Amino acid sequence: EKDAVDIVGDKLLPLFTAERSKLDDIDRWARWDHDKPHSPPQATTEYAELSKRAQAPWGDLIVSSIAQTLFVEGYRRPDQPNDASGWRRWQANGMDGRQVALHRAVVTFGQAFMVTLPGKTITGQSMPVMRGVSPREMVAVYDDIADDEWPLYALRVRKVRHDLTRLVVFDDEALHHLTLGSIGDTPRYERRQAQPAGLCPITRFTDRFDLEG
């Protein structure tokens with residue numbers, strides 16, 4: 001418990017806060033809520049009016065035009081006519097619809113995440129639970145950020161109300177649930193939830209990726 005509290009306060013929250021600040025700027029541009037273009041102090045009324053009319057929501061158009069080409073409609077081997085068994089898990093998790101939000105986040109911010117945990121179907125059959133997570137809610141730490149497939153650990157941050165933020169630290173053994181009053185407070189450890197994967201169950205999706213990570 002102490003290790004989880006210490007690593008959240010000393011490393012993960014500062015890292016998340018810095019990354020969230022950058023992503024919030026991108027989010028405002030994507031939603032056409034960005035800073036207005038520079039206008040010289042001596043600008044005429046005509047100049048100001050033309051500048052106002054010239055602005056257009058290109059950010060959303062760029063994201064939409066790319067994301068709509070990424071829709072996954074099946075999963076099969078090239079030499080097989082039918083979808084592989086993995087497609088059943090994809091559909092059981094509603095990823096036919098959920099994938100759109102994941103693709104849009106990747107194109108908008110450059111990366112997004114998927115959390116995969118053990119679960120069961122309504123008939124009791126084992127089935128992984130897959131959920132996409134915005135990079136504005138998660139930060140992941142890698143030993144080698146360019147080469148490692150799985151992170152050492154990750155932090156998810158969800159603000160429930162102005163005085164309550166729920167935190168989850170994912171590692172190779174468990175999910176550590178914590179709460180936070182406000183940024184700057186000491187996190188409070190709530191509970192530990194074991195997970196049997198043997199690795200941090202976070203998958204990173206990226207738009208562009210180079211050898212430096």
# chains A, B, ... in the order shown; residues from 1 in each chain; ligands from 1
>>> select_by_dssp(residues="segment 5-193 of chain A", states="helix (DSSP H, G or I)", output="PyMOL selection string")
chain A and resi 5-30+45-54+58-67+86-92+95-109
>>> closest_atom_pairs(of="segment 103-158 of chain A", to="segment 70-88 of chain A", cutoff="12 Å", atoms="only C-alpha atoms", output="tab-separated table")
residue	atom	partner	partner_atom	distance
A:His103	CA	A:Leu70	CA	7.0
A:Arg104	CA	A:Leu70	CA	9.5
A:Val106	CA	A:Leu70	CA	10.8
A:Val107	CA	A:Leu70	CA	10.2
A:Thr121	CA	A:Arg88	CA	11.5
A:Met127	CA	A:Arg88	CA	9.6
A:Pro128	CA	A:Gly86	CA	10.5
>>> atom_distance(atom1="atom CA of Ala154 of chain A", atom2="atom CA of Phe170 of chain A")
5.1 Å
>>> residues_around(residues="Arg188 of chain A", least_positions_apart="3", cutoff="9 Å", atoms="only C-alpha atoms", output="VMD selection string")
chain A and resid 5 177 to 181
>>> residues_around(residues="Asp147 of chain A", least_positions_apart="6", cutoff="12 Å", atoms="only C-alpha atoms", output="PDB file with N, CA and C atoms, in the first residue's frame")
ATOM      1  N   ARG A 204      -1.072  -0.324 -25.578  1.00  0.00           N
ATOM      2  CA  ARG A 204      -0.921   1.031 -26.119  1.00  0.00           C
ATOM      3  C   ARG A 204      -1.201   1.018 -27.627  1.00  0.00           C
ATOM      4  N   PHE A 209       4.760   6.208 -34.607  1.00  0.00           N
ATOM      5  CA  PHE A 209       5.661   5.706 -33.590  1.00  0.00           C
ATOM      6  C   PHE A 209       7.059   5.595 -34.184  1.00  0.00           C
ATOM      7  N   ASP A 210       8.063   6.150 -33.483  1.00  0.00           N
ATOM      8  CA  ASP A 210       9.424   6.066 -33.989  1.00  0.00           C
ATOM      9  C   ASP A 210      10.299   5.255 -33.022  1.00  0.00           C
ATOM     10  N   LEU A 211      11.578   5.114 -33.364  1.00  0.00           N
ATOM     11  CA  LEU A 211      12.487   4.286 -32.582  1.00  0.00           C
ATOM     12  C   LEU A 211      12.850   4.890 -31.230  1.00  0.00           C
ATOM     13  N   GLU A 212      12.445   6.140 -31.000  1.00  0.00           N
ATOM     14  CA  GLU A 212      12.694   6.766 -29.706  1.00  0.00           C
ATOM     15  C   GLU A 212      11.462   6.706 -28.797  1.00  0.00           C
ATOM     16  N   GLY A 213      10.404   6.046 -29.293  1.00  0.00           N
ATOM     17  CA  GLY A 213       9.189   5.923 -28.494  1.00  0.00           C
ATOM     18  C   GLY A 213       8.371   7.193 -28.448  1.00  0.00           C
TER      19      GLY A 213
END
>>> closest_residue(among="A:Thr17, A:Gln195, A:Thr203, A:Thr123", to="Tyr142 of chain A", atoms="only C-alpha atoms")
A:Thr203
>>> closest_atom_pairs(of="segment 70-127 of chain A", to="segment 135-139 of chain A", cutoff="8 Å", atoms="only C-alpha atoms", output="JSON lines")
{"residue": "A:Ala105", "atom": "CA", "partner": "A:Pro135", "partner_atom": "CA", "distance": 7.7}
{"residue": "A:Phe109", "atom": "CA", "partner": "A:Pro135", "partner_atom": "CA", "distance": 7.5}
{"residue": "A:Gln111", "atom": "CA", "partner": "A:Pro135", "partner_atom": "CA", "distance": 6.6}
{"residue": "A:Ala112", "atom": "CA", "partner": "A:Pro135", "partner_atom": "CA", "distance": 5.1}
{"residue": "A:Phe113", "atom": "CA", "partner": "A:Pro135", "partner_atom": "CA", "distance": 6.8}
>>> write_last_selection(atoms="C-alpha atoms", output="PDB file, in the first residue's frame")
ATOM      1  CA  ALA A 105      -8.534   9.234 -29.574  1.00  0.00           C
ATOM      2  CA  PHE A 109      -3.820  12.664 -29.414  1.00  0.00           C
ATOM      3  CA  GLN A 111      -2.061   7.410 -28.600  1.00  0.00           C
ATOM      4  CA  ALA A 112      -4.769   5.723 -26.547  1.00  0.00           C
ATOM      5  CA  PHE A 113      -4.955   2.685 -24.291  1.00  0.00           C
TER       6      PHE A 113
END
>>> closest_residue(among="A:Ser65, A:Gln125, A:Gln55, A:Gln42", to="Ala92 of chain A", atoms="only C-alpha atoms")
A:Gln125
>>> closest_residue(among="A:Glu46, A:Val100, A:Ser39, A:Cys200", to="Thr69 of chain A", atoms="only C-alpha atoms")
A:Val100
>>> residues_around(residues="Ala101 of chain A", least_positions_apart="5", cutoff="10 Å", atoms="only C-alpha atoms", output="ChimeraX atom specification")
/A:67,95,106,112,132-134
>>> atom_distance(atom1="atom CA of Ile26 of chain A", atom2="atom CA of Ile62 of chain A")
13.1 Å
>>> select_by_dssp(residues="chain A", states="strand (DSSP E or B)", output="MDAnalysis selection string")
chainID A and resid 111:117 120 126 129:133 138:141 153:161 164:170 174:180 183 185 188:194 202:206
>>> residues_around(residues="Arg98 of chain A", least_positions_apart="6", cutoff="10 Å", atoms="only C-alpha atoms", output="ChimeraX atom specification")
/A:90-91,130-132
>>> write_last_selection(atoms="all heavy atoms", output="short mmCIF file (atom, residue, chain, number, x, y, z; two decimals), in the first residue's frame")
data_model
loop_
_atom_site.label_atom_id
_atom_site.label_comp_id
_atom_site.auth_asym_id
_atom_site.auth_seq_id
_atom_site.Cartn_x
_atom_site.Cartn_y
_atom_site.Cartn_z
N TRP A 90 -14.06 -9.89 -29.43
CA TRP A 90 -14.18 -8.49 -29.86
C TRP A 90 -15.64 -8.05 -29.82
O TRP A 90 -15.98 -7.01 -29.27
CB TRP A 90 -13.60 -8.37 -31.26
CG TRP A 90 -13.66 -7.02 -31.91
CD1 TRP A 90 -14.67 -6.52 -32.69
CD2 TRP A 90 -12.66 -5.99 -31.89
NE1 TRP A 90 -14.37 -5.27 -33.15
CE2 TRP A 90 -13.15 -4.91 -32.66
CE3 TRP A 90 -11.41 -5.88 -31.29
CZ2 TRP A 90 -12.41 -3.74 -32.85
CZ3 TRP A 90 -10.69 -4.71 -31.47
CH2 TRP A 90 -11.19 -3.66 -32.24
N GLN A 91 -16.52 -8.88 -30.39
CA GLN A 91 -17.94 -8.53 -30.45
C GLN A 91 -18.61 -8.64 -29.08
O GLN A 91 -19.50 -7.85 -28.77
CB GLN A 91 -18.65 -9.41 -31.47
CG GLN A 91 -18.22 -9.11 -32.90
CD GLN A 91 -19.13 -9.75 -33.92
OE1 GLN A 91 -19.35 -10.96 -33.91
NE2 GLN A 91 -19.67 -8.94 -34.81
N MET A 130 -12.62 -5.92 -22.34
CA MET A 130 -11.76 -4.96 -23.05
C MET A 130 -12.43 -3.59 -23.04
O MET A 130 -13.58 -3.46 -23.44
CB MET A 130 -11.53 -5.42 -24.49
CG MET A 130 -10.97 -6.83 -24.60
SD MET A 130 -11.33 -7.60 -26.21
CE MET A 130 -10.61 -6.41 -27.35
N ARG A 131 -11.69 -2.57 -22.58
CA ARG A 131 -12.22 -1.22 -22.55
C ARG A 131 -11.15 -0.20 -22.95
O ARG A 131 -10.03 -0.24 -22.45
CB ARG A 131 -12.74 -0.86 -21.14
CG ARG A 131 -13.96 -1.66 -20.71
CD ARG A 131 -15.19 -1.31 -21.53
NE ARG A 131 -16.39 -2.01 -21.08
CZ ARG A 131 -16.82 -3.17 -21.59
NH1 ARG A 131 -16.12 -3.77 -22.55
NH2 ARG A 131 -17.92 -3.72 -21.13
N GLY A 132 -11.51 0.68 -23.87
CA GLY A 132 -10.60 1.72 -24.28
C GLY A 132 -10.53 2.83 -23.24
O GLY A 132 -11.50 3.09 -22.54
#
>>> atom_distance(atom1="atom CA of Ala194 of chain A", atom2="atom CA of Val115 of chain A")
14.5 Å
>>> residues_around(residues="segment 56-59 of chain A", least_positions_apart="5", cutoff="8 Å", atoms="only C-alpha atoms", output="list in words")
Trp29, Ala30, Arg31 and Trp32 of chain A
